[in-house]
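**Student:** Quick one: the structure is below, questions incoming.
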Amino acid sequence: MTAPVIHSLREQIREHIVEGIVSGRWKPGERIVERRIATELEVSQTPVREALRELESLRLIESAPNKGVRVRNLSAADLEESYPVRAGLEAIAAELAAERLAGDCSALEPHVAALYVADQEADGTAQVRHTVGFHREMVRAAGNSVLLHTWEGLGIEVFTALSIRWLGTVQQSYAEEHADLVAAFQRRDPDIAALVKAHVLGCAPRA
């Protein structure tokens with residue numbers, strides 16, 4: 001019974017740290033103090049250390065002997081690196097999910113509707129949440145757990161948020177681009193994989 005509780009706690013701590021980085025509470029190059037987070041969240045340092053280790057694997061933070069843990073100074077080039085990998089994974093997902101989504105896009109449509117509102121209100125937080133939500137549902141529709149796990153491991157939400165908020169990577173309309181993908185699935189477009197790949201690469205920050 002212990003492991004799931006620890007896992008859940010670690011996830012909560014991870015999200016707390018990610019939100020702090022994305023929102024600017026911790027700036028690039030700034031030190032993140034493990035003990036301070038543990039005190040603030042009233043938890044032991046063990047799950048904080050585990051969360052930080054996970055974020056280091058995502059290249060969001062870096063650690064060095066006698067220097068502690070710091071937020072990485074990510075450049076446009078750093079953020080851009082994950083996009084070709086993501087584009088390849090999502091192209092595969094689109095092919096695998098094409099038949100299923102042709103018959104039922106109900107998992108994607110609420111995110112498109114929310115993106116129209118987010119675009120109108122210039123709500124960056126909602127744009128990130130529903131853009132990532134749309135793509136997560138598309139990958140999930142592929143029905144391949146290895147693919148989904150690999151995609152999740154790229155830290156899509158974090159890097160999308162950082163691309164938008166740190167670098168000002170914006171599109172004219174998040175909603176319209178995603179509505180076009182829904183339409184492509186519904187009409188059984190034979191080029192759906194290429195369309196998805198081009199869409200993802202078009203979202204990448206430019207070094």
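Please note that chains go A, B, ... in the order of the structure tokens, that every chain numbers its residues from 1, and that ligands are numbered from 1 in the order shown.
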Name the residues in contact with region 147-163 of chain A at a cut-off of 10 Å, using only C-alpha atoms, excluding same-chain residues fewer than 4 positions from it; report them as a ChimeraX atom specification.
**Tutor:** /A:15,18-19,21-23,54-55,57-60,74-76,78-80,82-83,85-87,89-90,92-93,124-125,127-133,135-143,167-170,203-206
**Student:** Please, which residues of region 14-187 of chain A, numbered as in this document, come out strand (DSSP E) from DSSP, as a PDB file with C-alpha atoms, in the first residue's frame?
**Tutor:**
ATOM      1  CA  ARG A  31      18.935  27.130  -7.285  1.00  0.00           C
ATOM      2  CA  ILE A  32      16.098  24.887  -6.103  1.00  0.00           C
ATOM      3  CA  ILE A  61      17.043  20.970 -14.022  1.00  0.00           C
ATOM      4  CA  GLU A  62      20.699  20.094 -13.504  1.00  0.00           C
ATOM      5  CA  SER A  63      22.757  19.171 -10.491  1.00  0.00           C
ATOM      6  CA  ALA A  64      26.458  19.520  -9.772  1.00  0.00           C
ATOM      7  CA  GLY A  68      23.094  21.789  -5.656  1.00  0.00           C
ATOM      8  CA  VAL A  69      20.183  21.681  -8.072  1.00  0.00           C
ATOM      9  CA  ARG A  70      19.452  24.524 -10.481  1.00  0.00           C
ATOM     10  CA  VAL A  71      16.960  25.280 -13.232  1.00  0.00           C
TER      11      VAL A  71
END
**Student:** Residues of region 91-180 of chain A classed as helix (DSSP H, G or I) by DSSP on the backbone are to be reported as a ChimeraX atom specification.
**Tutor:** /A:91-103,109-121,124-141,145-152,156-167,174-180
